[in-house]
Amino acid sequence: MLHLRLIVPTDLRDRVLQALDASVGATHVIILPDSAVRPEGDVVLCDVAREAADELLGALRAIGLAERGAINVEEVALTISAAADRAEEEAPGEGADALVWESVSEITHEESTLTAVYLAFLTVATMLAACGAVLDSAILVVGAMAVGPEFGPLAGLCVALVQRRGRPVLRSLNALVVGFAVAMVLTVGFCFLMDQWGLFTKEMFEAGRPNTSFIWKPDATSFVVALLAGVAGLLSLTSAKAGALVGVAISVTTVPAAANAAAAVAYGDFAQGRGSAVQLLLNMLGIVIAGVATLVVQNVAWKAVRARG
């Protein structure tokens, strides 16, 4: 279930209540007249089955509530109520399969914005991956993959492409391009520093490194893994199963490829640099293609479920 807190201008009250009455998944409706101060209006509280949320939120937006009032949505961890059970039974489909576009858009908007924290995480992850690559440590590489925040803007790009919204596309591309550029430049400097301290050497970098050589040797499997990661990642976002994102993060070699490319520049090994760049692009392309396809299929399937319901 989702919990909605609505600030409703007085002249919109009847239309909002009609929208709630028309939603088979809405229940536990509470009205607090004239309780809101800024903006002024009533406060309306209700719960709605996740599978009915997207349609209800769309109806509330159509009324103009987002512009003149407010729509606050929260996940409900536990609801013990016969009325809630009936609402979930009457709503079409299953909650785990429900596609709530407002929620997906909000999550990806936050995760795909270029911020200082995003740059810091991506830079630290890239430097950590550089340590793993040069030292041939799979553990360090996996750790770097888990830390990297790059799936956020990749998912944001998928959502924006499906919704055909230009500004979010540019925001996500900006986070990816600027983020990786800054992280890789700083990682080149990091490699120089580690070399000066005697912790990295050119001989270490140019050795066989059997545990991490896959980073700069892309093949068809790399693209297939990226496709599968894109499917899993978008499914985890749309179904609110965020825990699966950790598995997605450690399944693709975006950050390690960027790190190895930076180390290759530092040591003048342009063959490894090219291979790493190809690996990076293949992974990002695979995630975006699979992510867009996943959202399209989910959207079509969910519309069919709602039509039958």
# chains A, B, ... in the order shown; residues from 1 in each chain; ligands from 1

call {"tool": "residues_around", "arguments": {"residues": "range 106-110 of chain A", "least_positions_apart": "3", "cutoff": "8 Å", "atoms": "only C-alpha atoms", "output": "PyMOL selection string"}}
result
chain A and resi 102-103+113+152-153+155-156+159+168

call {"tool": "select_by_dssp", "arguments": {"residues": "range 58-303 of chain A", "states": "strand (DSSP E)", "output": "number ranges by chain"}}
result
A: 70-75

call {"tool": "write_last_selection", "arguments": {"atoms": "all heavy atoms", "output": "PDB file, in the first residue's frame"}}
result
ATOM      1  N   ALA A  70      -0.698  19.987  -3.177  1.00  0.00           N
ATOM      2  CA  ALA A  70       0.466  19.112  -3.025  1.00  0.00           C
ATOM      3  C   ALA A  70       0.010  17.663  -2.977  1.00  0.00           C
ATOM      4  O   ALA A  70      -1.097  17.357  -2.509  1.00  0.00           O
ATOM      5  CB  ALA A  70       1.246  19.452  -1.758  1.00  0.00           C
ATOM      6  N   ILE A  71       0.878  16.789  -3.485  1.00  0.00           N
ATOM      7  CA  ILE A  71       0.643  15.352  -3.438  1.00  0.00           C
ATOM      8  C   ILE A  71       1.872  14.710  -2.829  1.00  0.00           C
ATOM      9  O   ILE A  71       2.949  14.743  -3.417  1.00  0.00           O
ATOM     10  CB  ILE A  71       0.391  14.764  -4.842  1.00  0.00           C
ATOM     11  CG1 ILE A  71      -0.757  15.495  -5.551  1.00  0.00           C
ATOM     12  CG2 ILE A  71       0.112  13.265  -4.757  1.00  0.00           C
ATOM     13  CD1 ILE A  71      -0.924  15.093  -7.010  1.00  0.00           C
ATOM     14  N   ASN A  72       1.726  14.158  -1.635  1.00  0.00           N
ATOM     15  CA  ASN A  72       2.833  13.509  -0.949  1.00  0.00           C
ATOM     16  C   ASN A  72       2.561  12.011  -0.895  1.00  0.00           C
ATOM     17  O   ASN A  72       1.489  11.596  -0.487  1.00  0.00           O
ATOM     18  CB  ASN A  72       2.979  14.086   0.472  1.00  0.00           C
ATOM     19  CG  ASN A  72       4.207  13.555   1.182  1.00  0.00           C
ATOM     20  OD1 ASN A  72       4.198  12.442   1.670  1.00  0.00           O
ATOM     21  ND2 ASN A  72       5.242  14.359   1.247  1.00  0.00           N
ATOM     22  N   VAL A  73       3.535  11.203  -1.330  1.00  0.00           N
ATOM     23  CA  VAL A  73       3.344   9.760  -1.407  1.00  0.00           C
ATOM     24  C   VAL A  73       4.418   9.057  -0.579  1.00  0.00           C
ATOM     25  O   VAL A  73       5.602   9.365  -0.706  1.00  0.00           O
ATOM     26  CB  VAL A  73       3.421   9.257  -2.867  1.00  0.00           C
ATOM     27  CG1 VAL A  73       3.134   7.766  -2.936  1.00  0.00           C
ATOM     28  CG2 VAL A  73       2.446  10.036  -3.755  1.00  0.00           C
ATOM     29  N   GLU A  74       4.010   8.116   0.264  1.00  0.00           N
ATOM     30  CA  GLU A  74       4.934   7.358   1.089  1.00  0.00           C
ATOM     31  C   GLU A  74       4.596   5.870   1.013  1.00  0.00           C
ATOM     32  O   GLU A  74       3.430   5.491   0.872  1.00  0.00           O
ATOM     33  CB  GLU A  74       4.860   7.805   2.556  1.00  0.00           C
ATOM     34  CG  GLU A  74       5.220   9.268   2.792  1.00  0.00           C
ATOM     35  CD  GLU A  74       5.018   9.675   4.238  1.00  0.00           C
ATOM     36  OE1 GLU A  74       4.420   8.868   4.986  1.00  0.00           O
ATOM     37  OE2 GLU A  74       5.439  10.778   4.609  1.00  0.00           O
ATOM     38  N   GLU A  75       5.630   5.045   1.112  1.00  0.00           N
ATOM     39  CA  GLU A  75       5.420   3.598   1.191  1.00  0.00           C
ATOM     40  C   GLU A  75       4.914   3.243   2.586  1.00  0.00           C
ATOM     41  O   GLU A  75       5.387   3.771   3.586  1.00  0.00           O
ATOM     42  CB  GLU A  75       6.731   2.856   0.922  1.00  0.00           C
ATOM     43  CG  GLU A  75       7.236   2.963  -0.507  1.00  0.00           C
ATOM     44  CD  GLU A  75       6.576   1.955  -1.429  1.00  0.00           C
ATOM     45  OE1 GLU A  75       5.813   1.093  -0.914  1.00  0.00           O
ATOM     46  OE2 GLU A  75       6.814   2.031  -2.639  1.00  0.00           O
TER      47      GLU A  75
END

call {"tool": "residues_around", "arguments": {"residues": "Leu128 in chain A", "least_positions_apart": "4", "cutoff": "8 Å", "atoms": "only C-alpha atoms", "output": "list in words"}}
result
Val124, Gly132, Leu140, Val141, Gly143 and Ala144 of chain A

call {"tool": "atom_distance", "arguments": {"atom1": "CA of Leu161 in chain A", "atom2": "CA of Ser222 in chain A"}}
result
23.3 Å

call {"tool": "closest_residue", "arguments": {"among": "A:Val182, A:Ala120, A:Ala26, A:Ala36", "to": "Thr10 in chain A", "atoms": "only C-alpha atoms"}}
result
A:Ala36

call {"tool": "closest_residue", "arguments": {"among": "A:Val162, A:Ala304, A:Ala116, A:Ala264", "to": "Trp101 in chain A", "atoms": "only C-alpha atoms"}}
result
A:Val162

call {"tool": "closest_residue", "arguments": {"among": "A:Ala91, A:Ala257, A:Cys131, A:Ala160", "to": "Leu199 in chain A", "atoms": "only C-alpha atoms"}}
result
A:Cys131

call {"tool": "closest_residue", "arguments": {"among": "A:Val178, A:Leu135, A:Ile7, A:Ala258", "to": "Gln279 in chain A", "atoms": "only C-alpha atoms"}}
result
A:Ala258

call {"tool": "closest_residue", "arguments": {"among": "A:Leu119, A:Ala49, A:Val8, A:Ala263", "to": "His28 in chain A", "atoms": "only C-alpha atoms"}}
result
A:Ala49

call {"tool": "closest_residue", "arguments": {"among": "A:Pro33, A:Pro210, A:Pro39, A:Pro218", "to": "Thr253 in chain A", "atoms": "only C-alpha atoms"}}
result
A:Pro218

call {"tool": "atom_distance", "arguments": {"atom1": "CA of Gln196 in chain A", "atom2": "CA of Ala125 in chain A"}}
result
21.1 Å

call {"tool": "decode", "arguments": {"residues": "range 251-294 of chain A", "atoms": "N, CA and C atoms", "output": "PDB file, in the first residue's frame"}}
result
ATOM      1  N   SER A 251      27.641  -6.296 -11.429  1.00  0.00           N
ATOM      2  CA  SER A 251      27.597  -7.205 -12.576  1.00  0.00           C
ATOM      3  C   SER A 251      28.132  -6.569 -13.853  1.00  0.00           C
ATOM      4  N   VAL A 252      28.317  -5.263 -13.849  1.00  0.00           N
ATOM      5  CA  VAL A 252      28.807  -4.593 -15.057  1.00  0.00           C
ATOM      6  C   VAL A 252      30.088  -3.827 -14.740  1.00  0.00           C
ATOM      7  N   THR A 253      30.946  -3.700 -15.751  1.00  0.00           N
ATOM      8  CA  THR A 253      32.293  -3.157 -15.513  1.00  0.00           C
ATOM      9  C   THR A 253      32.428  -1.731 -16.024  1.00  0.00           C
ATOM     10  N   THR A 254      31.460  -0.882 -15.724  1.00  0.00           N
ATOM     11  CA  THR A 254      31.552   0.513 -16.151  1.00  0.00           C
ATOM     12  C   THR A 254      32.675   1.238 -15.408  1.00  0.00           C
ATOM     13  N   VAL A 255      32.598   1.253 -14.081  1.00  0.00           N
ATOM     14  CA  VAL A 255      33.619   1.946 -13.287  1.00  0.00           C
ATOM     15  C   VAL A 255      34.999   1.304 -13.448  1.00  0.00           C
ATOM     16  N   PRO A 256      35.144  -0.025 -13.377  1.00  0.00           N
ATOM     17  CA  PRO A 256      36.473  -0.611 -13.603  1.00  0.00           C
ATOM     18  C   PRO A 256      37.043  -0.288 -14.987  1.00  0.00           C
ATOM     19  N   ALA A 257      36.192  -0.265 -16.012  1.00  0.00           N
ATOM     20  CA  ALA A 257      36.679   0.062 -17.353  1.00  0.00           C
ATOM     21  C   ALA A 257      37.183   1.500 -17.401  1.00  0.00           C
ATOM     22  N   ALA A 258      36.437   2.423 -16.775  1.00  0.00           N
ATOM     23  CA  ALA A 258      36.876   3.814 -16.731  1.00  0.00           C
ATOM     24  C   ALA A 258      38.187   3.941 -15.968  1.00  0.00           C
ATOM     25  N   ALA A 259      38.317   3.187 -14.864  1.00  0.00           N
ATOM     26  CA  ALA A 259      39.537   3.230 -14.065  1.00  0.00           C
ATOM     27  C   ALA A 259      40.735   2.693 -14.841  1.00  0.00           C
ATOM     28  N   ASN A 260      40.541   1.592 -15.541  1.00  0.00           N
ATOM     29  CA  ASN A 260      41.644   1.005 -16.295  1.00  0.00           C
ATOM     30  C   ASN A 260      42.050   1.911 -17.454  1.00  0.00           C
ATOM     31  N   ALA A 261      41.067   2.572 -18.056  1.00  0.00           N
ATOM     32  CA  ALA A 261      41.385   3.532 -19.122  1.00  0.00           C
ATOM     33  C   ALA A 261      42.226   4.680 -18.571  1.00  0.00           C
ATOM     34  N   ALA A 262      41.883   5.160 -17.377  1.00  0.00           N
ATOM     35  CA  ALA A 262      42.654   6.239 -16.760  1.00  0.00           C
ATOM     36  C   ALA A 262      44.073   5.780 -16.447  1.00  0.00           C
ATOM     37  N   ALA A 263      44.211   4.570 -15.911  1.00  0.00           N
ATOM     38  CA  ALA A 263      45.542   4.039 -15.625  1.00  0.00           C
ATOM     39  C   ALA A 263      46.330   3.840 -16.914  1.00  0.00           C
ATOM     40  N   ALA A 264      45.651   3.426 -17.980  1.00  0.00           N
ATOM     41  CA  ALA A 264      46.325   3.245 -19.268  1.00  0.00           C
ATOM     42  C   ALA A 264      46.861   4.568 -19.801  1.00  0.00           C
ATOM     43  N   VAL A 265      46.098   5.641 -19.612  1.00  0.00           N
ATOM     44  CA  VAL A 265      46.571   6.969 -20.024  1.00  0.00           C
ATOM     45  C   VAL A 265      47.790   7.356 -19.199  1.00  0.00           C
ATOM     46  N   ALA A 266      47.736   7.085 -17.893  1.00  0.00           N
ATOM     47  CA  ALA A 266      48.857   7.447 -17.024  1.00  0.00           C
ATOM     48  C   ALA A 266      50.140   6.740 -17.434  1.00  0.00           C
ATOM     49  N   TYR A 267      50.022   5.500 -17.922  1.00  0.00           N
ATOM     50  CA  TYR A 267      51.201   4.724 -18.292  1.00  0.00           C
ATOM     51  C   TYR A 267      51.437   4.673 -19.799  1.00  0.00           C
ATOM     52  N   GLY A 268      50.627   5.382 -20.561  1.00  0.00           N
ATOM     53  CA  GLY A 268      50.835   5.444 -22.001  1.00  0.00           C
ATOM     54  C   GLY A 268      50.550   4.155 -22.737  1.00  0.00           C
ATOM     55  N   ASP A 269      49.719   3.297 -22.144  1.00  0.00           N
ATOM     56  CA  ASP A 269      49.349   2.032 -22.786  1.00  0.00           C
ATOM     57  C   ASP A 269      48.008   2.231 -23.492  1.00  0.00           C
ATOM     58  N   PHE A 270      48.050   2.718 -24.710  1.00  0.00           N
ATOM     59  CA  PHE A 270      46.823   3.118 -25.396  1.00  0.00           C
ATOM     60  C   PHE A 270      46.027   1.923 -25.919  1.00  0.00           C
ATOM     61  N   ALA A 271      46.655   0.773 -26.058  1.00  0.00           N
ATOM     62  CA  ALA A 271      45.911  -0.426 -26.454  1.00  0.00           C
ATOM     63  C   ALA A 271      44.926  -0.818 -25.355  1.00  0.00           C
ATOM     64  N   GLN A 272      45.419  -0.834 -24.112  1.00  0.00           N
ATOM     65  CA  GLN A 272      44.522  -1.112 -22.995  1.00  0.00           C
ATOM     66  C   GLN A 272      43.489  -0.002 -22.840  1.00  0.00           C
ATOM     67  N   GLY A 273      43.908   1.221 -23.118  1.00  0.00           N
ATOM     68  CA  GLY A 273      42.983   2.347 -23.020  1.00  0.00           C
ATOM     69  C   GLY A 273      41.819   2.200 -23.986  1.00  0.00           C
ATOM     70  N   ARG A 274      42.121   1.805 -25.227  1.00  0.00           N
ATOM     71  CA  ARG A 274      41.057   1.612 -26.214  1.00  0.00           C
ATOM     72  C   ARG A 274      40.134   0.464 -25.807  1.00  0.00           C
ATOM     73  N   GLY A 275      40.724  -0.646 -25.364  1.00  0.00           N
ATOM     74  CA  GLY A 275      39.899  -1.774 -24.938  1.00  0.00           C
ATOM     75  C   GLY A 275      38.999  -1.414 -23.774  1.00  0.00           C
ATOM     76  N   SER A 276      39.525  -0.662 -22.823  1.00  0.00           N
ATOM     77  CA  SER A 276      38.730  -0.248 -21.666  1.00  0.00           C
ATOM     78  C   SER A 276      37.604   0.689 -22.083  1.00  0.00           C
ATOM     79  N   ALA A 277      37.901   1.613 -23.010  1.00  0.00           N
ATOM     80  CA  ALA A 277      36.881   2.549 -23.485  1.00  0.00           C
ATOM     81  C   ALA A 277      35.748   1.809 -24.193  1.00  0.00           C
ATOM     82  N   VAL A 278      36.115   0.809 -25.007  1.00  0.00           N
ATOM     83  CA  VAL A 278      35.094   0.006 -25.692  1.00  0.00           C
ATOM     84  C   VAL A 278      34.242  -0.750 -24.671  1.00  0.00           C
ATOM     85  N   GLN A 279      34.888  -1.314 -23.649  1.00  0.00           N
ATOM     86  CA  GLN A 279      34.162  -2.016 -22.592  1.00  0.00           C
ATOM     87  C   GLN A 279      33.176  -1.080 -21.904  1.00  0.00           C
ATOM     88  N   LEU A 280      33.615   0.124 -21.590  1.00  0.00           N
ATOM     89  CA  LEU A 280      32.766   1.111 -20.923  1.00  0.00           C
ATOM     90  C   LEU A 280      31.548   1.450 -21.781  1.00  0.00           C
ATOM     91  N   LEU A 281      31.779   1.728 -23.047  1.00  0.00           N
ATOM     92  CA  LEU A 281      30.681   2.106 -23.937  1.00  0.00           C
ATOM     93  C   LEU A 281      29.721   0.942 -24.169  1.00  0.00           C
ATOM     94  N   LEU A 282      30.256  -0.273 -24.339  1.00  0.00           N
ATOM     95  CA  LEU A 282      29.405  -1.441 -24.535  1.00  0.00           C
ATOM     96  C   LEU A 282      28.474  -1.665 -23.339  1.00  0.00           C
ATOM     97  N   ASN A 283      29.029  -1.529 -22.149  1.00  0.00           N
ATOM     98  CA  ASN A 283      28.227  -1.739 -20.948  1.00  0.00           C
ATOM     99  C   ASN A 283      27.124  -0.696 -20.818  1.00  0.00           C
ATOM    100  N   MET A 284      27.458   0.554 -21.030  1.00  0.00           N
ATOM    101  CA  MET A 284      26.447   1.601 -20.916  1.00  0.00           C
ATOM    102  C   MET A 284      25.383   1.451 -21.997  1.00  0.00           C
ATOM    103  N   LEU A 285      25.807   1.138 -23.224  1.00  0.00           N
ATOM    104  CA  LEU A 285      24.855   0.953 -24.313  1.00  0.00           C
ATOM    105  C   LEU A 285      23.924  -0.225 -24.034  1.00  0.00           C
ATOM    106  N   GLY A 286      24.487  -1.331 -23.557  1.00  0.00           N
ATOM    107  CA  GLY A 286      23.670  -2.502 -23.247  1.00  0.00           C
ATOM    108  C   GLY A 286      22.648  -2.222 -22.163  1.00  0.00           C
ATOM    109  N   ILE A 287      23.052  -1.508 -21.112  1.00  0.00           N
ATOM    110  CA  ILE A 287      22.131  -1.176 -20.027  1.00  0.00           C
ATOM    111  C   ILE A 287      20.993  -0.303 -20.527  1.00  0.00           C
ATOM    112  N   VAL A 288      21.314   0.693 -21.336  1.00  0.00           N
ATOM    113  CA  VAL A 288      20.280   1.612 -21.829  1.00  0.00           C
ATOM    114  C   VAL A 288      19.307   0.891 -22.765  1.00  0.00           C
ATOM    115  N   ILE A 289      19.831   0.103 -23.685  1.00  0.00           N
ATOM    116  CA  ILE A 289      18.951  -0.629 -24.610  1.00  0.00           C
ATOM    117  C   ILE A 289      18.011  -1.555 -23.839  1.00  0.00           C
ATOM    118  N   ALA A 290      18.575  -2.339 -22.924  1.00  0.00           N
ATOM    119  CA  ALA A 290      17.752  -3.283 -22.159  1.00  0.00           C
ATOM    120  C   ALA A 290      16.799  -2.556 -21.222  1.00  0.00           C
ATOM    121  N   GLY A 291      17.264  -1.457 -20.624  1.00  0.00           N
ATOM    122  CA  GLY A 291      16.403  -0.695 -19.715  1.00  0.00           C
ATOM    123  C   GLY A 291      15.206  -0.099 -20.425  1.00  0.00           C
ATOM    124  N   VAL A 292      15.428   0.493 -21.595  1.00  0.00           N
ATOM    125  CA  VAL A 292      14.323   1.061 -22.372  1.00  0.00           C
ATOM    126  C   VAL A 292      13.346  -0.033 -22.781  1.00  0.00           C
ATOM    127  N   ALA A 293      13.870  -1.159 -23.268  1.00  0.00           N
ATOM    128  CA  ALA A 293      13.005  -2.265 -23.676  1.00  0.00           C
ATOM    129  C   ALA A 293      12.188  -2.791 -22.498  1.00  0.00           C
ATOM    130  N   THR A 294      12.811  -2.893 -21.328  1.00  0.00           N
ATOM    131  CA  THR A 294      12.109  -3.380 -20.137  1.00  0.00           C
ATOM    132  C   THR A 294      10.952  -2.458 -19.768  1.00  0.00           C
TER     133      THR A 294
END
